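Shown here: structure36.cif, mmCIF, C-alpha atoms and all ligand atoms.
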```cif
data_data
loop_
_atom_site.label_atom_id
_atom_site.label_comp_id
_atom_site.auth_asym_id
_atom_site.auth_seq_id
_atom_site.Cartn_x
_atom_site.Cartn_y
_atom_site.Cartn_z
CA MET J 53 -29.99 5.80 18.19
CA SER J 54 -26.76 4.47 16.77
CA GLU J 55 -26.04 4.71 13.09
CA THR J 56 -25.66 1.50 11.07
CA ILE J 57 -24.22 1.60 7.55
CA THR J 58 -23.44 -1.54 5.53
CA LEU J 59 -21.39 -1.24 2.35
CA LEU J 60 -20.11 -3.56 -0.33
CA GLY J 61 -16.60 -2.63 -1.47
CA LEU J 62 -14.84 -3.60 -4.71
CA GLU J 63 -11.11 -3.47 -5.47
CA SER J 64 -9.41 -4.25 -8.80
CA SER J 65 -6.70 -1.63 -9.30
CA CYS J 66 -3.70 -3.93 -9.53
CA ASP J 67 -3.41 -7.72 -9.41
CA ASP J 68 -5.93 -8.61 -6.68
CA THR J 69 -9.65 -8.89 -7.40
CA ALA J 70 -11.50 -8.29 -4.16
CA ALA J 71 -14.94 -7.72 -2.67
CA ALA J 72 -15.92 -7.19 0.96
CA VAL J 73 -18.84 -6.21 3.15
CA VAL J 74 -18.17 -3.84 6.04
CA ARG J 75 -20.66 -2.54 8.59
CA LEU J 76 -20.45 0.53 10.78
CA SER J 77 -22.48 0.27 13.99
CA GLY J 78 -22.24 3.33 16.21
CA ASP J 79 -18.61 4.26 15.80
CA ARG J 80 -17.28 0.72 15.33
CA GLY J 81 -16.52 -0.84 11.97
CA GLU J 82 -16.83 -4.57 11.47
CA ILE J 83 -15.70 -6.63 8.50
CA LEU J 84 -18.54 -9.03 7.69
CA SER J 85 -16.63 -10.63 4.81
CA SER J 86 -13.48 -10.03 2.76
CA VAL J 87 -12.70 -12.03 -0.37
CA VAL J 88 -9.39 -11.55 -2.22
CA THR J 89 -8.49 -13.46 -5.39
CA GLY J 90 -4.86 -13.00 -6.45
CA GLN J 91 -3.38 -13.38 -9.93
CA THR J 92 0.23 -14.26 -9.11
CA ALA J 93 0.24 -17.41 -11.24
CA LEU J 94 -1.11 -15.58 -14.30
CA HIS J 95 1.76 -13.10 -14.30
CA ALA J 96 4.55 -15.40 -13.03
CA ALA J 97 6.07 -16.07 -16.47
CA PHE J 98 6.40 -12.34 -17.22
CA GLY J 99 8.28 -11.17 -14.13
CA GLY J 100 5.70 -8.49 -13.34
CA VAL J 101 2.03 -7.61 -13.63
CA VAL J 102 0.83 -7.53 -17.27
CA PRO J 103 -1.96 -4.91 -17.36
CA GLU J 104 -4.00 -6.59 -20.13
CA ILE J 105 -3.92 -9.98 -18.43
CA ALA J 106 -4.80 -8.36 -15.10
CA ALA J 107 -7.78 -6.49 -16.60
CA ARG J 108 -9.22 -9.62 -18.20
CA ALA J 109 -8.82 -11.62 -15.00
CA HIS J 110 -10.61 -8.88 -13.03
CA VAL J 111 -13.55 -8.96 -15.47
CA GLU J 112 -13.78 -12.75 -15.05
CA LYS J 113 -13.49 -12.74 -11.27
CA ILE J 114 -15.17 -9.63 -9.92
CA ASP J 115 -18.78 -10.90 -10.05
CA LEU J 116 -17.72 -14.13 -8.36
CA CYS J 117 -15.97 -12.17 -5.62
CA VAL J 118 -19.10 -10.07 -5.05
CA GLU J 119 -21.26 -13.20 -4.80
CA ALA J 120 -18.82 -14.82 -2.38
CA ALA J 121 -18.54 -11.68 -0.22
CA LEU J 122 -22.32 -11.35 0.09
CA GLU J 123 -22.73 -15.05 0.81
CA GLN J 124 -20.02 -15.04 3.49
CA ALA J 125 -21.63 -11.98 5.08
CA GLY J 126 -25.01 -13.73 4.96
CA LEU J 127 -26.52 -10.72 3.21
CA GLY J 128 -28.24 -9.86 -0.05
CA LEU J 129 -28.00 -6.68 -2.12
CA SER J 130 -31.15 -5.37 -0.43
CA ASP J 131 -29.34 -5.35 2.94
CA LEU J 132 -26.74 -2.87 1.69
CA ASP J 133 -26.65 0.91 2.01
CA GLY J 134 -24.25 1.51 -0.85
CA ILE J 135 -21.57 0.25 -3.24
CA ALA J 136 -18.00 1.53 -2.87
CA VAL J 137 -15.41 0.93 -5.55
CA THR J 138 -11.78 1.80 -6.20
CA ALA J 139 -11.96 4.45 -8.93
CA GLY J 140 -8.14 4.91 -9.10
CA PRO J 141 -5.21 5.24 -9.08
CA GLY J 142 -4.07 2.01 -10.71
CA LEU J 143 -3.91 0.01 -13.90
CA ILE J 144 -6.75 1.51 -15.86
CA GLY J 145 -8.18 -1.72 -17.33
CA GLY J 146 -8.54 -3.20 -13.87
CA VAL J 147 -9.98 -0.04 -12.33
CA LEU J 148 -12.53 0.08 -15.19
CA ALA J 149 -13.58 -3.52 -14.53
CA GLY J 150 -14.42 -2.68 -10.91
CA VAL J 151 -16.07 0.64 -11.68
CA MET J 152 -18.30 -0.89 -14.38
CA CYS J 153 -19.34 -3.72 -12.05
CA ALA J 154 -20.16 -1.24 -9.28
CA LYS J 155 -22.11 1.00 -11.66
CA GLY J 156 -24.15 -2.00 -12.83
CA LEU J 157 -24.97 -2.94 -9.24
CA SER J 158 -25.84 0.64 -8.35
CA ALA J 159 -28.03 1.12 -11.44
CA ALA J 160 -29.86 -2.16 -10.80
CA THR J 161 -30.48 -1.59 -7.09
CA GLY J 162 -30.67 2.18 -6.82
CA LEU J 163 -28.00 2.06 -4.09
CA PRO J 164 -25.60 5.01 -3.82
CA LEU J 165 -22.30 4.60 -5.70
CA ILE J 166 -19.16 5.80 -3.94
CA GLY J 167 -15.85 6.11 -5.79
CA VAL J 168 -12.86 5.59 -3.49
CA ASN J 169 -9.23 6.52 -3.97
CA HIS J 170 -7.22 3.31 -3.46
CA LEU J 171 -4.57 5.18 -1.45
CA ALA J 172 -7.27 6.65 0.80
CA GLY J 173 -8.45 3.07 1.35
CA HIS J 174 -4.99 2.12 2.66
CA ALA J 175 -4.64 5.34 4.63
CA LEU J 176 -8.04 5.06 6.38
CA THR J 177 -7.64 1.38 7.35
CA PRO J 178 -6.15 2.17 10.79
CA ARG J 179 -9.45 3.89 11.66
CA LEU J 180 -11.27 0.64 10.95
CA THR J 181 -8.79 -1.58 12.81
CA ASP J 182 -7.62 0.70 15.63
CA GLY J 183 -10.15 3.52 15.75
CA LEU J 184 -7.48 6.18 15.13
CA ARG J 185 -8.52 9.81 15.42
CA PHE J 186 -7.51 12.49 12.94
CA PRO J 187 -4.90 13.79 12.40
CA TYR J 188 -2.54 10.82 12.22
CA LEU J 189 0.55 10.10 10.16
CA VAL J 190 0.53 7.17 7.79
CA LEU J 191 3.30 5.56 5.75
CA LEU J 192 2.10 3.59 2.74
CA VAL J 193 4.89 1.23 1.78
CA SER J 194 4.22 -1.56 -0.71
CA GLY J 195 5.07 -2.83 -4.19
CA GLY J 196 3.22 0.09 -5.74
CA HIS J 197 3.20 2.86 -3.15
CA CYS J 198 5.56 4.74 -0.91
CA GLN J 199 4.43 7.97 0.68
CA PHE J 200 3.96 9.74 3.98
CA LEU J 201 0.52 11.26 4.47
CA ILE J 202 -1.11 13.17 7.25
CA ALA J 203 -4.70 11.94 7.33
CA GLN J 204 -6.76 14.98 8.38
CA ALA J 205 -10.25 13.83 7.38
CA PRO J 206 -11.71 11.04 5.19
CA ASP J 207 -11.32 13.29 2.16
CA ARG J 208 -8.33 15.39 3.24
CA PHE J 209 -4.73 14.24 3.18
CA THR J 210 -1.43 16.12 3.21
CA ARG J 211 1.46 14.39 1.48
CA LEU J 212 4.78 15.01 3.21
CA GLY J 213 6.92 13.06 0.77
CA GLY J 214 7.09 9.95 -1.36
CA THR J 215 9.24 7.96 -3.73
CA ILE J 216 10.33 9.71 -6.88
CA ASP J 217 10.88 6.39 -8.69
CA ASP J 218 10.44 2.79 -7.51
CA ALA J 219 8.42 1.74 -4.50
CA PRO J 220 10.43 -0.23 -1.91
CA GLY J 221 8.51 -3.48 -2.54
CA GLU J 222 9.31 -3.15 -6.22
CA ALA J 223 13.01 -2.72 -5.33
CA PHE J 224 12.83 -5.85 -3.13
CA ASP J 225 11.21 -7.75 -6.01
CA LYS J 226 13.86 -6.62 -8.50
CA THR J 227 16.65 -7.44 -6.04
CA ALA J 228 15.25 -10.95 -5.65
CA LYS J 229 15.15 -11.33 -9.41
CA LEU J 230 18.78 -10.19 -9.77
CA LEU J 231 19.85 -12.75 -7.18
CA GLY J 232 17.77 -15.64 -8.52
CA LEU J 233 15.35 -15.63 -5.58
CA PRO J 234 11.60 -16.34 -5.92
CA GLN J 235 8.81 -13.74 -6.18
CA PRO J 236 7.40 -11.89 -4.32
CA GLY J 237 10.92 -10.80 -3.53
CA GLY J 238 10.39 -9.15 -0.14
CA PRO J 239 10.00 -12.25 2.02
CA ALA J 240 12.73 -14.09 0.07
CA VAL J 241 15.25 -11.24 0.47
CA GLU J 242 14.35 -10.88 4.15
CA ALA J 243 14.95 -14.60 4.76
CA GLU J 244 18.38 -14.46 3.04
CA ALA J 245 19.30 -11.27 4.90
CA ARG J 246 18.94 -12.98 8.27
CA ASP J 247 22.31 -14.70 7.90
CA GLY J 248 24.01 -11.83 6.07
CA ASP J 249 26.42 -9.07 7.00
CA PRO J 250 24.66 -5.75 6.32
CA LYS J 251 27.97 -3.84 6.37
CA ARG J 252 30.03 -5.79 3.79
CA PHE J 253 28.67 -3.90 0.78
CA GLY J 254 28.45 -0.18 1.40
CA PHE J 255 25.15 0.46 -0.34
CA PRO J 256 24.02 4.10 -0.68
CA ARG J 257 21.23 5.72 1.37
CA PRO J 258 19.58 7.67 -1.48
CA LEU J 259 18.26 11.20 -0.88
CA LEU J 260 19.32 11.33 2.78
CA ASP J 261 21.52 14.25 1.83
CA ARG J 262 18.45 16.19 0.67
CA PRO J 263 15.99 17.77 3.09
CA GLY J 264 12.42 16.54 3.24
CA ALA J 265 10.75 13.15 3.14
CA ASP J 266 11.02 12.29 -0.58
CA MET J 267 12.68 8.96 -1.31
CA SER J 268 14.33 7.11 -4.19
CA PHE J 269 14.95 3.37 -4.43
CA SER J 270 15.90 2.68 -8.04
CA GLY J 271 19.57 3.64 -7.53
CA LEU J 272 19.87 1.06 -4.76
CA LYS J 273 18.88 -1.66 -7.16
CA THR J 274 21.60 -0.51 -9.60
CA ALA J 275 24.15 -0.49 -6.77
CA LEU J 276 23.15 -4.05 -5.93
CA LEU J 277 23.50 -5.09 -9.57
CA ARG J 278 27.03 -3.61 -9.71
CA ALA J 279 28.05 -5.29 -6.46
CA ARG J 280 26.70 -8.61 -7.71
CA ASP J 281 28.53 -8.31 -11.03
CA GLN J 282 31.77 -7.42 -9.29
CA VAL J 283 31.62 -10.50 -7.06
CA VAL J 284 30.76 -12.67 -10.06
CA ALA J 285 33.67 -11.18 -12.06
CA GLU J 286 36.08 -11.84 -9.18
CA LYS J 287 34.93 -15.31 -8.17
CA GLY J 288 32.98 -16.63 -11.14
CA GLY J 289 29.73 -16.84 -9.18
CA LEU J 290 27.90 -16.03 -5.95
CA THR J 291 28.30 -18.11 -2.81
CA VAL J 292 25.46 -18.52 -0.31
CA ARG J 293 27.30 -16.02 1.91
CA ASP J 294 27.66 -13.47 -0.90
CA ARG J 295 23.95 -13.62 -1.58
CA ALA J 296 23.05 -13.28 2.10
CA ASP J 297 25.41 -10.29 2.46
CA LEU J 298 23.95 -8.60 -0.63
CA CYS J 299 20.40 -9.07 0.72
CA ALA J 300 21.36 -7.86 4.20
CA GLY J 301 23.11 -4.79 2.79
CA PHE J 302 20.18 -3.92 0.54
CA GLN J 303 17.60 -4.39 3.30
CA ALA J 304 19.62 -2.32 5.78
CA ALA J 305 19.81 0.53 3.26
CA VAL J 306 16.02 0.51 2.71
CA ALA J 307 15.40 0.29 6.46
CA ASP J 308 17.77 3.20 7.18
CA VAL J 309 16.15 5.41 4.54
CA LEU J 310 12.62 4.64 5.73
CA ALA J 311 13.57 5.23 9.38
CA GLU J 312 15.27 8.57 8.71
CA LYS J 313 12.51 9.79 6.40
CA SER J 314 9.94 8.71 9.01
CA ARG J 315 11.78 10.84 11.56
CA ARG J 316 11.52 13.86 9.27
CA ALA J 317 7.84 13.24 8.45
CA ILE J 318 7.13 12.91 12.19
CA THR J 319 8.71 16.31 12.86
CA ASP J 320 6.40 17.92 10.28
CA TYR J 321 3.38 16.05 11.65
CA LEU J 322 4.07 17.00 15.27
CA ALA J 323 3.94 20.66 14.25
CA LEU J 324 0.16 20.13 14.04
CA ALA J 325 0.18 19.32 17.77
CA PRO J 326 -2.00 16.20 17.40
CA ALA J 327 -3.83 15.19 20.60
CA GLU J 328 -2.92 11.51 20.16
CA PRO J 329 0.24 11.32 18.01
CA VAL J 330 0.32 8.13 15.94
CA LEU J 331 2.23 6.76 12.99
CA ALA J 332 0.46 3.95 11.14
CA VAL J 333 2.00 1.81 8.42
CA ALA J 334 0.24 0.02 5.58
CA GLY J 335 1.48 -2.11 2.70
CA GLY J 336 3.29 -5.41 2.23
CA VAL J 337 6.75 -4.01 3.01
CA ALA J 338 5.58 -3.17 6.54
CA ALA J 339 5.78 -6.94 7.13
CA ASN J 340 9.59 -6.70 7.07
CA ASP J 341 10.90 -7.06 10.62
CA ALA J 342 14.02 -4.91 10.17
CA ILE J 343 12.10 -2.11 8.45
CA ARG J 344 9.34 -2.22 11.01
CA ALA J 345 11.77 -2.23 13.93
CA GLY J 346 13.58 0.81 12.52
CA ILE J 347 10.34 2.80 12.19
CA GLU J 348 9.07 1.65 15.58
CA GLU J 349 12.28 2.85 17.22
CA VAL J 350 11.91 6.28 15.62
CA CYS J 351 8.28 6.46 16.82
CA HIS J 352 9.29 5.47 20.31
CA ALA J 353 12.00 8.15 20.46
CA ALA J 354 9.53 10.80 19.27
CA GLY J 355 6.75 9.71 21.65
CA LEU J 356 4.40 8.41 18.96
CA ARG J 357 2.22 5.35 19.09
CA PHE J 358 3.04 2.89 16.29
CA VAL J 359 0.14 1.09 14.63
CA ALA J 360 0.31 -1.66 12.01
CA PRO J 361 -3.02 -3.15 10.93
CA PRO J 362 -3.03 -6.96 10.41
CA LEU J 363 -1.17 -7.85 7.21
CA ALA J 364 -4.31 -9.01 5.35
CA LEU J 365 -5.64 -5.47 5.75
CA CYS J 366 -2.31 -3.82 4.93
CA THR J 367 -2.07 -5.48 1.54
CA ASP J 368 -4.64 -4.86 -1.21
CA ASN J 369 -8.17 -5.82 -0.17
CA ALA J 370 -11.74 -4.56 -0.56
CA ALA J 371 -12.59 -4.14 3.14
CA MET J 372 -10.49 -0.97 3.11
CA ILE J 373 -12.49 0.29 0.13
CA ALA J 374 -15.83 -0.48 1.78
CA TRP J 375 -14.64 1.28 4.95
CA ALA J 376 -13.39 4.35 3.06
CA GLY J 377 -16.77 4.32 1.28
CA ILE J 378 -18.57 4.37 4.63
CA GLU J 379 -16.46 7.33 5.73
CA ARG J 380 -17.33 9.20 2.52
CA LEU J 381 -21.02 8.29 2.66
CA ARG J 382 -21.24 9.71 6.19
CA LEU J 383 -19.97 13.01 4.79
CA GLY J 384 -22.53 12.86 1.97
CA LEU J 385 -19.81 12.27 -0.64
CA VAL J 386 -21.65 10.16 -3.18
CA ASP J 387 -20.97 9.75 -6.90
CA GLY J 388 -23.25 9.41 -9.91
CA LEU J 389 -23.13 6.95 -12.78
CA ASP J 390 -20.71 9.36 -14.45
CA LEU J 391 -17.99 8.26 -11.98
CA VAL J 392 -14.70 8.16 -13.88
CA ALA J 393 -11.95 5.53 -13.56
CA ARG J 394 -8.61 7.29 -13.10
CA PRO J 395 -5.12 5.86 -13.72
CA ARG J 396 -3.61 8.66 -11.64
CA TRP J 397 -5.28 10.30 -8.69
CA PRO J 398 -3.05 12.09 -6.19
CA LEU J 399 -4.57 12.24 -2.71
CA ASP J 400 -3.06 15.64 -2.05
CA LEU J 401 -3.80 17.89 -5.01
CA SER J 402 -1.75 20.73 -3.56
CA GLN J 403 1.49 18.74 -4.02
CA PRO J 404 3.30 18.28 -7.34
CA ALA J 405 2.68 14.83 -8.85
CA LEU J 406 5.38 12.29 -8.10
CA VAL J 407 7.36 11.07 -11.06
CA GLY J 408 7.71 7.40 -11.83
CA SER J 409 5.48 4.44 -12.16
CA GLY J 410 6.48 0.84 -11.88
CA LYS J 411 5.18 -2.64 -12.36
CA LYS J 412 2.32 -2.00 -10.02
CA GLY J 413 1.08 1.05 -11.88
CA ALA J 414 0.74 4.65 -10.95
CA LYS J 415 1.91 5.83 -7.59
CA ALA J 416 0.11 9.14 -7.80
O1 LIG J 501 0.82 -4.26 -0.30
P1 LIG J 501 1.21 -5.37 -1.20
O2 LIG J 501 0.72 -6.74 -0.93
O3 LIG J 501 0.80 -5.11 -2.68
C1 LIG J 501 0.98 -3.96 -3.37
O4 LIG J 501 2.14 -3.68 -3.73
O5 LIG J 501 -0.02 -3.26 -3.62
O6 LIG J 501 2.80 -5.37 -1.20
C2 LIG J 501 3.52 -6.34 -1.92
C3 LIG J 501 4.95 -5.94 -1.88
C4 LIG J 501 5.81 -6.81 -2.77
O7 LIG J 501 6.65 -6.00 -3.53
C5 LIG J 501 6.60 -7.64 -1.75
O8 LIG J 501 7.87 -8.03 -2.21
C6 LIG J 501 6.68 -6.70 -0.57
O9 LIG J 501 5.43 -6.04 -0.54
N1 LIG J 501 6.89 -7.46 0.67
C7 LIG J 501 7.99 -7.32 1.44
C8 LIG J 501 7.86 -8.27 2.48
N2 LIG J 501 6.67 -8.93 2.32
C9 LIG J 501 6.10 -8.41 1.21
N3 LIG J 501 9.06 -6.52 1.31
C10 LIG J 501 10.02 -6.64 2.24
N4 LIG J 501 9.98 -7.53 3.26
C11 LIG J 501 8.93 -8.36 3.42
N5 LIG J 501 8.90 -9.25 4.42
ZN ZN J 502 -2.37 -0.91 -2.65
#
```

Take the structure from the file and write it as structure tokens.
Ligand code: KG4
Ligand code: ZN
Amino acid sequence: MSETITLLGLESSCDDTAAAVVRLSGDRGEILSSVVTGQTALHAAFGGVVPEIAARAHVEKIDLCVEAALEQAGLGLSDLDGIAVTAGPGLIGGVLAGVMCAKGLSAATGLPLIGVNHLAGHALTPRLTDGLRFPYLVLLVSGGHCQFLIAQAPDRFTRLGGTIDDAPGEAFDKTAKLLGLPQPGGPAVEAEARDGDPKRFGFPRPLLDRPGADMSFSGLKTALLRARDQVVAEKGGLTVRDRADLCAGFQAAVADVLAEKSRRAITDYLALAPAEPVLAVAGGVAANDAIRAGIEEVCHAAGLRFVAPPLALCTDNAAMIAWAGIERLRLGLVDGLDLVARPRWPLDLSQPALVGSGKKGAKA
């Protein structure tokens, strides 16, 4: 008899309020619904996510997202086998909003409550979309995260390296801001970079001179600021070409760093002699063609399969939380009503915590 598990997942750790219903039948996961309500407009005037505003918006929206997710799935609470919720890491007010909603649902229905690490949600997504087998290598690369993890089991991850300051998406967003481009900065910078000369400004490749897979992106942003100011001082302003060259140079530096650090992480991962070597990427920055191409090339050279889940499942969503909840429930990992919301929650407790937190909260 094949196993069927249906979970509701909730996500509210940053600036997306989300609810989803995911079902496992046999060994196949299926997303029955996935509702994501963003908050971009609420934060637009502030140039970044304002935690208090985010928390209040989550409280207002989370019930509505749950209702919509159940309705779209054509299910009621009595059809569920459990409630999974992001319990961290993230902006604590938002995480609390989700955890309190999930506790209320669990207390009212008697359904098991499963607290999920948001990063584990991202890292386990390729099992939902592509049925990956453990162990696989995953690069989380977004506005709030940047780390290489070996996924060994649903509750076991080894961190090979990560950013010690900004996440790459955050650096793209700041670059866009410095050049007067719209937010989110990634797509805007990528579009400008298409016509630019990546070699004109010799931007640094931070931390390539150090062994290992740790990364740093905040210095790149400072280098870009200096280059911009120098051009402005010389010419009195930026031409279209100057801006394109600055974007192309910045993007090439990020792509080079991510490609080289991927190569190093792959070497460590291959030491485990995985039966089906794979590198999976998750996060909004994985949408960048140049960055993706660089990592794909490294995978190809090392004989790894490259997997990128569809973008809607790479960026923040609740289907990944429901799926991670299913994986935990199968292992009997269930929480009580004393589940705690955590601003920081490293996936790999054996590694020292990474320094730095940016606009998108803790990177853990
Ligand atoms: O995963 P995501 O939607 O949200 C979190 O950060 O959790 O990622 C959003 C980030 C933003 O910083 C955005 O600028 C960046 O991903 N991004 C990109 C591109 N598309 C989105 N960065 C570079 N190139 C892109 N095409
Ligand atoms: Zn995320």

Between J:Gly134, J:Pro103, J:Gly289, J:Pro178, single out the one closest to Ala159 in chain J, counting only C-alpha atoms.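 Ranking J:Gly134, J:Pro103, J:Gly289, J:Pro178 by distance to Ala159 in chain J, first place goes to J:Gly134.
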
Around the point (-18.0, -13.7, 0.0) in the file's coordinates, collect all residues with an atom within 12 Å, using all atoms listed in the file, and return them as a ChimeraX atom specification. /J:60-62,70-74,83-89,114-128,370-371

Counting all atoms listed in the file, which residues in chain J sit no more than 7 Å from ligand ZN 502 (chain J)? For each one, give the nearest pair of atoms and the distance in Å, sorted by chain then residue number, as a tab-separated table.
```
residue	atom	partner	partner_atom	distance
J:His170	CA	J:ZN502	ZN	6.5
J:Leu171	CA	J:ZN502	ZN	6.6
J:His174	CA	J:ZN502	ZN	6.7
J:Ser194	CA	J:ZN502	ZN	6.9
J:Gly196	CA	J:ZN502	ZN	6.5
J:His197	CA	J:ZN502	ZN	6.7
J:Gly335	CA	J:ZN502	ZN	6.7
J:Thr367	CA	J:ZN502	ZN	6.2
J:Asp368	CA	J:ZN502	ZN	4.8
```

Residues of chain J that have any atom at most 6 Å from an atom of ligand LIG 501 (chain J): could you tabulate them with the shortest-distance atom pair and the distance in Å to one decimal, using all atoms listed in the file, ordered by chain and increasing number, as a tab-separated table?
```
residue	atom	partner	partner_atom	distance
J:Ser194	CA	J:LIG501	O6	4.1
J:Gly195	CA	J:LIG501	O4	3.1
J:Gly196	CA	J:LIG501	O4	4.4
J:Gly221	CA	J:LIG501	O7	3.3
J:Glu222	CA	J:LIG501	O7	4.7
J:Phe224	CA	J:LIG501	O8	5.5
J:Asp225	CA	J:LIG501	O8	5.1
J:Pro236	CA	J:LIG501	O8	4.4
J:Gly237	CA	J:LIG501	O8	4.3
J:Gly238	CA	J:LIG501	N3	3.3
J:Pro239	CA	J:LIG501	N5	4.0
J:Glu242	CA	J:LIG501	N4	5.6
J:Gly335	CA	J:LIG501	O1	3.7
J:Gly336	CA	J:LIG501	O6	3.5
J:Val337	CA	J:LIG501	N3	3.8
J:Ala339	CA	J:LIG501	N5	4.7
J:Asn340	CA	J:LIG501	N5	3.7
J:Thr367	CA	J:LIG501	O1	3.6
J:Asp368	CA	J:LIG501	O5	5.5
```

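As for CA of Leu399 in chain J and CA of Asp261 in chain J, they are spaced 26.6 Å apart.
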
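Residues in contact with Gly150 in chain J at 8 Å, where only C-alpha atoms are counted and same-chain residues fewer than 4 positions away are skipped, are listed as Leu62, Glu63, Ser64, Ser65, His110, Val111, Ile114, Val137, Thr138, Ala139, Gly146 and Ala154 of chain J.
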
Please give the centre and size of the box around range 240-252 of chain J (axis-aligned, containing every atom listed in the file, 5 Å added per side), with values in Å to one decimal and written as lines of an AutoDock Vina configuration file.
```
center_x = 21.4
center_y = -9.3
center_z = 4.2
size_x = 27.3
size_y = 20.9
size_z = 18.2
```

So, counting all atoms listed in the file, which residue among J:Ala279, J:Leu310, J:Pro263, J:Lys155 is closest to Ile135 in chain J?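 Checking each of J:Ala279, J:Leu310, J:Pro263, J:Lys155 against Ile135 in chain J, counting all atoms listed in the file, the winner is J:Lys155.
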
Interatomic distance between CA of Val190 in chain J and CA of Ala334 in chain J? 7.5 Å

Selection near Ala243 in chain J, 12 Å with only C-alpha atoms, sequence-local residues under 4 positions removed, as a PyMOL selection string: chain J and resi 224+228+233-234+237-239+247-248+295-297+299-300+303+340-342

Enter the distance from CA of Thr69 in chain J to CA of Asn369 in chain J, in Å, rounded to one decimal.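 We find that CA of Thr69 in chain J and CA of Asn369 in chain J lie 8.0 Å from each other.
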
Would you mind listing what lies within 12 Å of Arg315 in chain J as a PDB file with C-alpha atoms, keeping the file's coordinate frame, with all atoms listed in the file counted and same-chain residues fewer than 6 positions away left out?
```pdb
ATOM      1  CA  LEU J 189       0.550  10.100  10.160  1.00  0.00           C
ATOM      2  CA  LEU J 191       3.300   5.560   5.750  1.00  0.00           C
ATOM      3  CA  PHE J 200       3.960   9.740   3.980  1.00  0.00           C
ATOM      4  CA  LEU J 212       4.780  15.010   3.210  1.00  0.00           C
ATOM      5  CA  LEU J 260      19.320  11.330   2.780  1.00  0.00           C
ATOM      6  CA  PRO J 263      15.990  17.770   3.090  1.00  0.00           C
ATOM      7  CA  GLY J 264      12.420  16.540   3.240  1.00  0.00           C
ATOM      8  CA  ALA J 265      10.750  13.150   3.140  1.00  0.00           C
ATOM      9  CA  ASP J 308      17.770   3.200   7.180  1.00  0.00           C
ATOM     10  CA  VAL J 309      16.150   5.410   4.540  1.00  0.00           C
ATOM     11  CA  TYR J 321       3.380  16.050  11.650  1.00  0.00           C
ATOM     12  CA  LEU J 322       4.070  17.000  15.270  1.00  0.00           C
ATOM     13  CA  LEU J 331       2.230   6.760  12.990  1.00  0.00           C
ATOM     14  CA  GLY J 346      13.580   0.810  12.520  1.00  0.00           C
ATOM     15  CA  ILE J 347      10.340   2.800  12.190  1.00  0.00           C
ATOM     16  CA  GLU J 348       9.070   1.650  15.580  1.00  0.00           C
ATOM     17  CA  GLU J 349      12.280   2.850  17.220  1.00  0.00           C
ATOM     18  CA  VAL J 350      11.910   6.280  15.620  1.00  0.00           C
ATOM     19  CA  CYS J 351       8.280   6.460  16.820  1.00  0.00           C
ATOM     20  CA  HIS J 352       9.290   5.470  20.310  1.00  0.00           C
ATOM     21  CA  ALA J 353      12.000   8.150  20.460  1.00  0.00           C
ATOM     22  CA  ALA J 354       9.530  10.800  19.270  1.00  0.00           C
ATOM     23  CA  GLY J 355       6.750   9.710  21.650  1.00  0.00           C
ATOM     24  CA  LEU J 356       4.400   8.410  18.960  1.00  0.00           C
TER      25      LEU J 356
END
```

Which of these, J:Pro206, J:Gly288, J:Gly301, J:Gly78, has the shortest distance to Thr177 in chain J once you count all atoms listed in the file? J:Pro206

Close residues, Cys198 in chain J itself excluded, 10 Å, all atoms listed in the file, min 6 positions apart in chain, as a PDB file with C-alpha atoms, keeping the file's coordinate frame:
```
ATOM      1  CA  LEU J 191       3.300   5.560   5.750  1.00  0.00           C
ATOM      2  CA  LEU J 192       2.100   3.590   2.740  1.00  0.00           C
ATOM      3  CA  GLY J 213       6.920  13.060   0.770  1.00  0.00           C
ATOM      4  CA  GLY J 214       7.090   9.950  -1.360  1.00  0.00           C
ATOM      5  CA  THR J 215       9.240   7.960  -3.730  1.00  0.00           C
ATOM      6  CA  ILE J 216      10.330   9.710  -6.880  1.00  0.00           C
ATOM      7  CA  ASP J 217      10.880   6.390  -8.690  1.00  0.00           C
ATOM      8  CA  ASP J 218      10.440   2.790  -7.510  1.00  0.00           C
ATOM      9  CA  ALA J 219       8.420   1.740  -4.500  1.00  0.00           C
ATOM     10  CA  PRO J 220      10.430  -0.230  -1.910  1.00  0.00           C
ATOM     11  CA  GLY J 221       8.510  -3.480  -2.540  1.00  0.00           C
ATOM     12  CA  ASP J 266      11.020  12.290  -0.580  1.00  0.00           C
ATOM     13  CA  MET J 267      12.680   8.960  -1.310  1.00  0.00           C
ATOM     14  CA  SER J 268      14.330   7.110  -4.190  1.00  0.00           C
ATOM     15  CA  LEU J 310      12.620   4.640   5.730  1.00  0.00           C
ATOM     16  CA  ALA J 334       0.240   0.020   5.580  1.00  0.00           C
ATOM     17  CA  GLY J 335       1.480  -2.110   2.700  1.00  0.00           C
ATOM     18  CA  VAL J 337       6.750  -4.010   3.010  1.00  0.00           C
ATOM     19  CA  LYS J 415       1.910   5.830  -7.590  1.00  0.00           C
ATOM     20  CA  ALA J 416       0.110   9.140  -7.800  1.00  0.00           C
TER      21      ALA J 416
END
```

Compare J:Ala332, J:Leu385, J:Leu176, J:Ala107 by their minimum atom-to-atom distance to Val147 in chain J, counting only C-alpha atoms, and give me the closest one.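 Selected residue with least distance to Val147 in chain J: J:Ala107.
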
Shortest interatomic distance to Asp249 in chain J - which of J:Glu286, J:Glu55, J:Asp207, J:Asp294, counting only C-alpha atoms: J:Asp294

Using all atoms listed in the file: which of J:Asp387, J:Glu112, J:Asp133, J:Glu244 has the shortest distance to Phe302 in chain J: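 Closest to Phe302 in chain J, using all atoms listed in the file: J:Glu244.
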